[in-house]
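Heads up: the structure comes next, in structure tokens.
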Amino acid sequence: MASQYVREQVALKWTNGFARLNRGEPGITGLLTFTEAWILAREFLRPRDINETKPEFVLTQVKLAFELIGECKMLQSLVDEFLEEMKQQQFLITQECERFMSQYESTSDPQYIAQLVMRLQQWYQAWQPASALGTSMMASYTTAFQTHLFSILPPSFPRGFKALISVTFNLTHRASVPQWLLDVAPQVEGQRPDLSLWVAFDQLGFLDRYDSLVSGVCHEYVEEHILETCAEKWDEPMLAKVREWMANTIVPWMMMPYGRGARTSEEARSMLQAVGSRFDFHLCKTLSELRIKEIFDIIVDYPDSMGALQDLKECLQRVDDKALLVSSLRKANHKRLLHPGADTKLILSQYVSIIRCLRVIDPVGVLLFKVADPIRRYLRERQDTIRCIVASLVGDGESGDSLVDDSEPIQPLQQPQADDYTDPQWEPEPIDAGPEFRTNKPSDVISTLVSIYDSKELFVKELQVLLAQRLLAVKDGNYDKERRNIEILKIRFGEASLQVCEVMLKDMTDSRRIDQHVQAQQSSVLHPTIISKHFWPPLQTTTFDMPGQLKEIQERYSKEFVAFKPDKKLSWLPLLGTVKLEIELDDRTIEIDASPLEAAFVELFSQKDVWTLNELIDEVGGSIDRVTALRALSSLVLHEILKESPLDTFNLLNTKEDIEKYGVKGKQREVVMQEEATLPVVTVQQQQAEQMQVFWKFIEGMLKNLGTLPLDRIQQMLKFAPDYDRSIDQLGAFMEAARQEGLVNVKDGFWSLSNA
Amino acid sequence: MKVTVKSWHAIAQWRWDTGSNSTEDEEGDVCGICRVAFEGCCPSCKVPGDDCPLIWGECSHVFHMHCLLKWIGTAASKQQCPMDRRPWATAERKVNK
Amino acid sequence: MAAVSTRRLQKELADIKNHGTPTGITLLKADDFETWYLTLEVLGESLYKGEVFALKFRFEPGYPISSPAVQFVVDDKFRAPLHPHVYSNGHICASILGTEWSPVLSVISVCITLQSMLASCKDKKRPPDNDRYVAHAPENPKKTQFVYHDDEV
């Protein structure tokens with residue numbers, strides 16, 4: 001039964017098949033013509049070795065044959081047969097491919113890749129079936145061809161392909177076109193020399209398969225160009241230039257892989273738009289990352305690096321790299337700025353530059369806020385920060401560059417204030433602002449610096465001290481600079497805050513006026529600065545009595561002063577000031593600028609040639625201690641006026657030869673210092689130091705907060721500590737002991753904690 | 001040895017000569033009214049010294065002139081010295097003490 | 001510019017902080033330069049042994065040229081001392097707070113005077129016109145023209 005049914009089915013199929021091929025022709029004539037057509041078509045399609053010559057065909061016959069096969073619905077079979085035959089012939093392509101690739105592999109010369117590509121294209125075109133066979137036929141062929149091709153390309157091919165693509169970037173100038181390219185790729189007049197290469201890429205399916213590779217090569221090329229032309233080039237904006245380069249070099253190139261089908265420039269533009277914007281993004285990203293990597297040095301170079309900042313600003317509008325910028329700059333600051341080796345002044349000036357630079361990039365201030373926070377915290381812990389800021393406020397031109405830009409308008413300090421929602425200029429905080437973000441609305445640099453601390457009083461205090469130091473050092477009566485600075489600072493800090501400074505300046509003027517009057521009555525070598533005590537920071541109040549002629553000079557002046565100002569009197573601060581002395585010795589005359597205490601000692605030596613330390617101290621009286629006296633004496637020893645020998649006995653060197661009499665000086669001095677350290681007095685000092693431990697916490701806290709302080713200010717402030725009843729000399733001894741323990745340092749009379 | 005002082009830059013503080021001459025005490029005297037040192041200035045002044053002078057009473061009490069005048073200017077003062085409630089009489093400045 | 005009173009009170013406050021208050025007097029509250037509170041007690045043998053009073057000082061900008069308004073605090077915690085010169089509403093009839101005020105006086109010196117006024121009291125009683133005065137008294141004792149009962153204070 002079943003076989004019966006099968007047999008019937010087979011018979012039916014055969015009959016149908018026969019009918020289809022014979023097409024109702026008499027006998028089997030139909031079948032015969034079909035066979036002829038089939039053979040012709042197969043011959044025509046046969047994938048041959050292109051090195052052999054292809055037989056001639058009469059195209060009309062071929063066309064008829066295809067029509068006939070089509071009528072018989074046998075085209076698919078023909079295609080199948082063709083594809084099968086192609087498989088048999090593929091070894092020809094494999095052979096050629098291997099030949100070119102081995103050439104490339106041994107030379108790494110992309111011209112062999114170009115040759116290979118062009119050759120593959122010839123194969124492809126040679127084997128390509130007639131379009132009459134329909135698009136699906138073409139698709140099947142292309143797929144089969146490419147599948148084979150990709151299966152035989154060696155792993156070295158993508159590298160070579162990349163190298164070949166790279167060659168295509170620099171073809172804008174005829175001169176830069178390599179000869180081999182002209183040889184390999186057929187040239188079209190008025191077109192890029194690499195046009196036919198791209199056509200071949202496209203036909204062979206390389207553009208689809210290696211799409212990311214192509215854009216990758218282009219990205220790399222762009223990156224390379226940017227690094228080459230923009231790295232460390234900060235003085236002018238480079239973005240526009242790079243974009244111009246892109247338009248001249250990359251865009252024409254882009255036409256090849258991405259816009260070849262375009263018939264009009266309009267069409268080309270729209271085709272290139274998406275890919276172009278991708279490339280522009282990449283360009284911005286590359287430049288932005290470069291600048292972010294360089295940011296610390298860009299800031300160092302500010303304002304010469306303005307161009308780079310503008311680039312970064314523009315790039316950041318396109319690329320979201322703000323978080324990267326913040327983290328990079330914070331990292332760089334941490335590594336290069338916020339370490340003990342960096343000078344506070346340097347940190348401040350870099351901070352100011354950071355403020356200025358980030359303001360260029362992000363006027364709203366979100367970036368600055370995020371970057372500044374660690375710097376501000378660090379600066380707050382530094383002990384000399386206030387002093388540095390103040391010094392720069394008054395244009396302490398030590399380093400020559402002030403933190404304050406002269407071109408920046410001077411304005412009152414801005415205090416952080418609550419948002420004023422009635423302000424028509426009010427804008428909500430940017431979305432990337434942190435919760436603690438405080439806009440420093442157009443705040444100036446000084447306000448920003450001062451705001452590191454909670455109150456401006458600290459600054460005014462420090463300013464007062466600094467001004468006092470400078471004014472008291474003025475000898476020529478010229479303090480115009482100080483006056484001008486105070487005028488400027490008044491604008492910043494407000495008139496009331498600087499009232500004391502105003503009085504200090506007035507004291508300077510008054511002193512001069514009084515001095516002129518006094519000199520007119522009775523000329524004197526003494527020219528005092530007369531200060532209003534309560535308006536100056538606490539000064540060295542150590543007292544002693546001037547001896548001999550010095551006392552006379554002083555008293556004569558006091559008398560004239562009282563005559564001029566009958567309701568006032570003068571009280572001298574004997575430790576302060578300078579005395580210019582001329583000392584005539586037996587064999588030489590020495591002129592020195594001496595401290596008043598040194599001058600007093602010199603004067604005493606004019607009475608007799610040999611004094612012991614204790615005699616000298618007793619003679620000047622007051623509250624001069626050993627340390628102070630020894631310091632003054634050793635200065636005179638350095639001037640070779642005195643010689644200490646034996647210990648604690650000082651001898652006047654009437655002649656130079658006297659030096660020999662007392663031995664070599666350097667050694668002697670060292671002995672003095674050592675001896676001093678082991679004197680019984682020291683143990684007494686140490687005892688006092690132990691008692692003073694109670695007050696150490698106070699001193700430590702005060703030095704931590706205020707950085708460095710002179711002894712009399714420490715004394716002043718300690719008076720607020722409960723039960724403090726030490727004299728300033730006891731305090732001095734304690735501080736000296738603390739220094740020996742390594743807890744504090746002293747420099748120029750200013751004490752600071754040593755763990756700074 | 002001969003020592004010649006060529007020039008000398010010294011620092012001094014001025015003080016009012018209140019006659020008390022109470023040694024060189026650290027804090028100095030304060031005006032009983034405003035409690036500011038005589039060498040400071042009264043609350044309505046900014047600059048000390050000649051611009052904010054002292055006033056001596058015959059009773060020997062001394063004040064910032066501005067402070068005392070402000071007090072004397074009120075009815076409540078009954079023109080009395082704030083210290084001893086004796087009628088206020090300004091003393092001639094004792095030039096030659 | 002800050003009121004004259006501010007500068008003077010700053011000085012007084014600093015003095016209190018640095019040197020403390022005399023015995024029997026403590027600073028209760030001085031958060032601004034307008035109103036201060038202090039406590040007062042009479043130490044040693046007196047009619048007010050064991051009693052603690054509170055004083056309220058109110059300052060005008062012209063202080064110390066103008067006198068402060070001083071009264072005892074009367075609330076759920078403090079009572080006015082029973083004294084012939086102290087009304088039950090806390091108002092005090094003392095010449096130094098009125099006609100005998102002097103700008104050289106201070107918060108502390110006023111407290112000391114009042115302390116000694118209590119210490120020297122021999123008869124704990126209200127002023128004879130207490131009820132009438134309290135019924136019509138102004139809120140601020142400075143507005144009252146007191147007739148001083150004697151010259152002791």
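Scheme for the structure tokens: letters A, B, ... for chains in order shown; per-chain residue numbers from 1; ligand numbers from 1 in order shown.
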
Shell of 12 Å around Ala3 of chain C, only C-alpha atoms, local chain residues under 6 positions omitted, as a list in words: Cys34, Pro43 and Ser44 of chain B; Leu9, Gln10, Phe33, Glu34, Phe59, Glu60, Pro61, Gly62, Tyr63, Pro64 and Ile65 of chain C

Can I get the selection written as a PDB file, in the first residue's frame, with C-alpha atoms?
```
ATOM      1  CA  CYS B  34      34.122 104.965  80.203  1.00  0.00           C
ATOM      2  CA  PRO B  43      33.918 106.069  73.278  1.00  0.00           C
ATOM      3  CA  SER B  44      33.069 108.892  70.919  1.00  0.00           C
TER       4      SER B  44
ATOM      5  CA  LEU C   9      29.656  96.982  79.152  1.00  0.00           C
ATOM      6  CA  GLN C  10      32.226  95.016  77.187  1.00  0.00           C
ATOM      7  CA  PHE C  33      24.432  94.598  76.055  1.00  0.00           C
ATOM      8  CA  GLU C  34      20.845  95.499  76.839  1.00  0.00           C
ATOM      9  CA  PHE C  59      20.843  99.557  79.888  1.00  0.00           C
ATOM     10  CA  GLU C  60      20.109 102.446  77.588  1.00  0.00           C
ATOM     11  CA  PRO C  61      22.571 103.323  74.850  1.00  0.00           C
ATOM     12  CA  GLY C  62      23.706 106.277  76.963  1.00  0.00           C
ATOM     13  CA  TYR C  63      24.868 104.127  79.861  1.00  0.00           C
ATOM     14  CA  PRO C  64      26.865 104.956  82.000  1.00  0.00           C
ATOM     15  CA  ILE C  65      25.954 108.603  81.572  1.00  0.00           C
TER      16      ILE C  65
END
```

Residues of chain A within 7 Å of chain B, only C-alpha atoms counted, as number ranges by chain: A: 499, 503, 525-534, 566-573, 576-586, 603, 606

Check: which chain C residues lie within 12 Å of chain B using only C-alpha atoms, as a PyMOL selection string: chain C and resi 1-15+61-67+95-106

Write a file of the just-selected residues containing C-alpha atoms, as a PDB file, in the first residue's frame.
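Contents of out_15.pdb, freshly written:
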```pdb
ATOM      1  CA  MET C   1      29.234 102.843  65.498  1.00  0.00           C
ATOM      2  CA  ALA C   2      28.322 100.788  68.512  1.00  0.00           C
ATOM      3  CA  ALA C   3      26.526 102.519  71.335  1.00  0.00           C
ATOM      4  CA  VAL C   4      28.649 104.024  74.082  1.00  0.00           C
ATOM      5  CA  SER C   5      27.027 101.528  76.442  1.00  0.00           C
ATOM      6  CA  THR C   6      28.331  98.600  74.449  1.00  0.00           C
ATOM      7  CA  ARG C   7      31.973  99.553  74.866  1.00  0.00           C
ATOM      8  CA  ARG C   8      31.593 100.210  78.544  1.00  0.00           C
ATOM      9  CA  LEU C   9      29.656  96.982  79.152  1.00  0.00           C
ATOM     10  CA  GLN C  10      32.226  95.016  77.187  1.00  0.00           C
ATOM     11  CA  LYS C  11      34.835  96.302  79.601  1.00  0.00           C
ATOM     12  CA  GLU C  12      32.716  95.430  82.599  1.00  0.00           C
ATOM     13  CA  LEU C  13      32.002  91.984  81.229  1.00  0.00           C
ATOM     14  CA  ALA C  14      35.663  91.306  80.487  1.00  0.00           C
ATOM     15  CA  ASP C  15      36.502  92.422  83.989  1.00  0.00           C
ATOM     16  CA  PRO C  61      22.571 103.323  74.850  1.00  0.00           C
ATOM     17  CA  GLY C  62      23.706 106.277  76.963  1.00  0.00           C
ATOM     18  CA  TYR C  63      24.868 104.127  79.861  1.00  0.00           C
ATOM     19  CA  PRO C  64      26.865 104.956  82.000  1.00  0.00           C
ATOM     20  CA  ILE C  65      25.954 108.603  81.572  1.00  0.00           C
ATOM     21  CA  SER C  66      22.357 107.522  82.033  1.00  0.00           C
ATOM     22  CA  SER C  67      21.669 105.163  84.896  1.00  0.00           C
ATOM     23  CA  SER C  95      19.091 106.996  95.432  1.00  0.00           C
ATOM     24  CA  ILE C  96      22.118 105.682  93.570  1.00  0.00           C
ATOM     25  CA  LEU C  97      19.767 104.290  90.962  1.00  0.00           C
ATOM     26  CA  GLY C  98      18.138 107.666  90.548  1.00  0.00           C
ATOM     27  CA  THR C  99      19.276 111.105  91.542  1.00  0.00           C
ATOM     28  CA  GLU C 100      22.536 109.931  93.021  1.00  0.00           C
ATOM     29  CA  TRP C 101      23.612 107.903  90.018  1.00  0.00           C
ATOM     30  CA  SER C 102      27.157 108.517  88.910  1.00  0.00           C
ATOM     31  CA  PRO C 103      28.759 107.303  85.693  1.00  0.00           C
ATOM     32  CA  VAL C 104      31.691 105.945  87.648  1.00  0.00           C
ATOM     33  CA  LEU C 105      29.361 103.343  89.127  1.00  0.00           C
ATOM     34  CA  SER C 106      29.112  99.951  87.459  1.00  0.00           C
TER      35      SER C 106
END
```

Every residue of chain C that DSSP places in strand (DSSP E or B), as an MDAnalysis selection string: chainID C and resid 25:29 35:41 52:58 69:72 83 86 91:92

Output N, CA and C atoms of each residue in that selection to a file, as a PDB file, in the first residue's frame.
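Ended up saving to part.pdb:
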```
ATOM      1  N   ILE C  25      27.782  87.510  94.743  1.00  0.00           N
ATOM      2  CA  ILE C  25      27.241  88.039  93.488  1.00  0.00           C
ATOM      3  C   ILE C  25      27.696  87.132  92.353  1.00  0.00           C
ATOM      4  N   THR C  26      26.762  86.688  91.535  1.00  0.00           N
ATOM      5  CA  THR C  26      27.172  85.913  90.358  1.00  0.00           C
ATOM      6  C   THR C  26      26.442  86.444  89.126  1.00  0.00           C
ATOM      7  N   LEU C  27      27.122  86.307  88.018  1.00  0.00           N
ATOM      8  CA  LEU C  27      26.517  86.728  86.760  1.00  0.00           C
ATOM      9  C   LEU C  27      25.637  85.589  86.258  1.00  0.00           C
ATOM     10  N   LEU C  28      24.366  85.900  86.065  1.00  0.00           N
ATOM     11  CA  LEU C  28      23.425  84.845  85.677  1.00  0.00           C
ATOM     12  C   LEU C  28      23.330  84.782  84.156  1.00  0.00           C
ATOM     13  N   LYS C  29      23.219  85.939  83.553  1.00  0.00           N
ATOM     14  CA  LYS C  29      22.979  85.955  82.113  1.00  0.00           C
ATOM     15  C   LYS C  29      23.375  87.326  81.566  1.00  0.00           C
ATOM     16  N   THR C  35      20.316  93.771  78.433  1.00  0.00           N
ATOM     17  CA  THR C  35      19.743  93.267  79.682  1.00  0.00           C
ATOM     18  C   THR C  35      20.681  92.220  80.293  1.00  0.00           C
ATOM     19  N   TRP C  36      21.000  92.431  81.549  1.00  0.00           N
ATOM     20  CA  TRP C  36      21.820  91.441  82.266  1.00  0.00           C
ATOM     21  C   TRP C  36      21.056  90.981  83.509  1.00  0.00           C
ATOM     22  N   TYR C  37      21.361  89.757  83.937  1.00  0.00           N
ATOM     23  CA  TYR C  37      20.798  89.249  85.183  1.00  0.00           C
ATOM     24  C   TYR C  37      21.935  88.805  86.096  1.00  0.00           C
ATOM     25  N   LEU C  38      21.839  89.159  87.347  1.00  0.00           N
ATOM     26  CA  LEU C  38      22.830  88.694  88.322  1.00  0.00           C
ATOM     27  C   LEU C  38      22.099  88.166  89.546  1.00  0.00           C
ATOM     28  N   THR C  39      22.732  87.254  90.254  1.00  0.00           N
ATOM     29  CA  THR C  39      22.123  86.822  91.518  1.00  0.00           C
ATOM     30  C   THR C  39      22.848  87.506  92.659  1.00  0.00           C
ATOM     31  N   LEU C  40      22.112  87.640  93.732  1.00  0.00           N
ATOM     32  CA  LEU C  40      22.611  88.389  94.877  1.00  0.00           C
ATOM     33  C   LEU C  40      22.227  87.634  96.126  1.00  0.00           C
ATOM     34  N   GLU C  41      23.189  87.436  97.019  1.00  0.00           N
ATOM     35  CA  GLU C  41      22.819  86.918  98.342  1.00  0.00           C
ATOM     36  C   GLU C  41      23.705  87.585  99.382  1.00  0.00           C
ATOM     37  N   VAL C  52      18.358  83.785  98.102  1.00  0.00           N
ATOM     38  CA  VAL C  52      19.062  84.233  96.891  1.00  0.00           C
ATOM     39  C   VAL C  52      18.091  85.059  96.058  1.00  0.00           C
ATOM     40  N   PHE C  53      18.538  86.229  95.642  1.00  0.00           N
ATOM     41  CA  PHE C  53      17.699  87.096  94.819  1.00  0.00           C
ATOM     42  C   PHE C  53      18.340  87.278  93.450  1.00  0.00           C
ATOM     43  N   ALA C  54      17.515  87.692  92.528  1.00  0.00           N
ATOM     44  CA  ALA C  54      18.059  87.977  91.193  1.00  0.00           C
ATOM     45  C   ALA C  54      17.800  89.434  90.856  1.00  0.00           C
ATOM     46  N   LEU C  55      18.817  90.050  90.223  1.00  0.00           N
ATOM     47  CA  LEU C  55      18.674  91.448  89.804  1.00  0.00           C
ATOM     48  C   LEU C  55      18.648  91.523  88.283  1.00  0.00           C
ATOM     49  N   LYS C  56      17.799  92.391  87.805  1.00  0.00           N
ATOM     50  CA  LYS C  56      17.721  92.596  86.367  1.00  0.00           C
ATOM     51  C   LYS C  56      18.202  94.013  86.061  1.00  0.00           C
ATOM     52  N   PHE C  57      19.202  94.114  85.184  1.00  0.00           N
ATOM     53  CA  PHE C  57      19.733  95.410  84.749  1.00  0.00           C
ATOM     54  C   PHE C  57      19.287  95.664  83.325  1.00  0.00           C
ATOM     55  N   ARG C  58      18.749  96.831  83.079  1.00  0.00           N
ATOM     56  CA  ARG C  58      18.466  97.217  81.688  1.00  0.00           C
ATOM     57  C   ARG C  58      19.264  98.470  81.360  1.00  0.00           C
ATOM     58  N   ALA C  69      18.360 100.705  84.498  1.00  0.00           N
ATOM     59  CA  ALA C  69      17.122 100.394  85.219  1.00  0.00           C
ATOM     60  C   ALA C  69      17.359  99.086  85.956  1.00  0.00           C
ATOM     61  N   VAL C  70      17.321  99.153  87.285  1.00  0.00           N
ATOM     62  CA  VAL C  70      17.663  97.967  88.078  1.00  0.00           C
ATOM     63  C   VAL C  70      16.468  97.578  88.935  1.00  0.00           C
ATOM     64  N   GLN C  71      16.137  96.291  88.963  1.00  0.00           N
ATOM     65  CA  GLN C  71      15.055  95.817  89.827  1.00  0.00           C
ATOM     66  C   GLN C  71      15.300  94.367  90.197  1.00  0.00           C
ATOM     67  N   PHE C  72      14.664  93.953  91.277  1.00  0.00           N
ATOM     68  CA  PHE C  72      14.728  92.534  91.631  1.00  0.00           C
ATOM     69  C   PHE C  72      13.779  91.753  90.739  1.00  0.00           C
ATOM     70  N   HIS C  83      11.986  94.126 102.230  1.00  0.00           N
ATOM     71  CA  HIS C  83      12.870  95.208 102.682  1.00  0.00           C
ATOM     72  C   HIS C  83      12.102  96.515 102.556  1.00  0.00           C
ATOM     73  N   VAL C  86      12.253  97.976  99.108  1.00  0.00           N
ATOM     74  CA  VAL C  86      12.017  97.124  97.941  1.00  0.00           C
ATOM     75  C   VAL C  86      10.537  96.780  97.853  1.00  0.00           C
ATOM     76  N   HIS C  91      10.733  96.559  92.327  1.00  0.00           N
ATOM     77  CA  HIS C  91      11.279  97.906  92.192  1.00  0.00           C
ATOM     78  C   HIS C  91      12.002  98.318  93.462  1.00  0.00           C
ATOM     79  N   ILE C  92      13.066  99.081  93.286  1.00  0.00           N
ATOM     80  CA  ILE C  92      13.921  99.434  94.413  1.00  0.00           C
ATOM     81  C   ILE C  92      13.941 100.953  94.564  1.00  0.00           C
TER      82      ILE C  92
END
```

DSSP-assigned helix (DSSP H, G or I) members of segment 20-137 of chain C, reported as a PyMOL selection string: chain C and resi 95-97+107-119+130-136

Which residues, written as a short mmCIF file (atom, residue, chain, number, x, y, z; two decimals) with N, CA and C atoms, in the first residue's frame, have at least one atom at most 9 Å from Asp297 of chain A, with only C-alpha atoms counted and residues fewer than 5 positions away on the same chain left out?
```cif
data_model
loop_
_atom_site.label_atom_id
_atom_site.label_comp_id
_atom_site.auth_asym_id
_atom_site.auth_seq_id
_atom_site.Cartn_x
_atom_site.Cartn_y
_atom_site.Cartn_z
N GLU A 232 51.25 70.83 26.38
CA GLU A 232 52.05 71.92 26.93
C GLU A 232 52.01 73.19 26.09
N TYR A 302 49.35 80.03 35.04
CA TYR A 302 48.39 81.10 34.90
C TYR A 302 49.05 82.43 35.20
N SER A 305 48.57 80.64 30.77
CA SER A 305 47.92 79.44 30.25
C SER A 305 46.44 79.67 29.96
#
```

For Thr144 of chain C: contacts at 10 Å, only C-alpha atoms, fewer than 3 positions along chain excluded, given as number ranges by chain: C: 91, 93, 98, 133, 137-141, 147

Distance of atom CA of Trp253 of chain A from atom CA of Ile152 of chain A, expressed in Å to one decimal place: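 Atom-to-atom, atom CA of Ile152 of chain A and atom CA of Trp253 of chain A are spaced 28.9 Å apart.
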
Point-to-point distance in Å for atom CA of Thr21 of chain C and atom CA of Ile108 of chain C: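 Distance between the two atoms: 7.4 Å.
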
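In this model, the gap between atom CA of Lys87 of chain A and atom CA of Ala139 of chain A comes to 16.0 Å.
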
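Residue nearest chain C, chosen from A:Phe169, A:Phe150, A:Phe296, A:Tyr724 and counting only C-alpha atoms: A:Tyr724.
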
Nearby residues (only C-alpha atoms) at most 7 Å from Ile55 of chain B, same-chain spacing under 6 positions excluded, as a list in words: Val62, Phe63, His64 and Met65 of chain B

Pick from C:Lys142, C:His85, C:Arg132, C:Lys17, whichever lies nearest to chain A using only C-alpha atoms: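 Under the stated criterion, the closest residue is C:Lys17.
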
Test item: residues at most 10 Å from Phe750 of chain A, only C-alpha atoms, excluding those fewer than 3 positions along its chain, as an MDAnalysis selection string: chainID A and resid 707:714 745:747

File of the preceding selection, N, CA and C atoms, as a compact mmCIF listing (two decimals), in the first residue's frame:
```
# COMPACT_ATOMS: atom_id res chain seq x y z
N GLY A 707 49.87 80.45 65.42
CA GLY A 707 51.11 80.27 64.68
C GLY A 707 52.31 80.65 65.51
N THR A 708 52.83 81.83 65.30
CA THR A 708 54.00 82.23 66.06
C THR A 708 53.69 83.49 66.83
N LEU A 709 54.30 83.59 68.00
CA LEU A 709 54.02 84.73 68.86
C LEU A 709 55.32 85.17 69.54
N PRO A 710 55.45 86.46 69.77
CA PRO A 710 56.58 86.90 70.58
C PRO A 710 56.27 86.63 72.05
N LEU A 711 57.31 86.60 72.84
CA LEU A 711 57.17 86.23 74.24
C LEU A 711 56.15 87.09 74.98
N ASP A 712 56.20 88.40 74.74
CA ASP A 712 55.32 89.25 75.56
C ASP A 712 53.85 89.06 75.20
N ARG A 713 53.59 88.60 73.99
CA ARG A 713 52.18 88.32 73.68
C ARG A 713 51.72 87.04 74.36
N ILE A 714 52.62 86.07 74.43
CA ILE A 714 52.26 84.83 75.13
C ILE A 714 51.96 85.17 76.59
N ASN A 745 60.05 76.14 68.74
CA ASN A 745 61.17 76.78 68.07
C ASN A 745 61.08 78.26 68.30
N VAL A 746 62.20 78.92 68.20
CA VAL A 746 62.16 80.37 68.28
C VAL A 746 63.01 80.94 67.16
N LYS A 747 62.44 81.97 66.53
CA LYS A 747 63.19 82.63 65.47
C LYS A 747 62.87 84.11 65.53
```

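Of the residues listed (A:Ser136, A:Ser353, A:Gln273, A:Ser497), A:Ser497 shows the shortest atom-to-atom separation from chain C; distances use only C-alpha atoms.
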
Closest of A:Phe279, A:Tyr258, A:Phe564, A:Tyr141 to Gln125 of chain A - atom-to-atom distances counting only C-alpha atoms: A:Tyr141
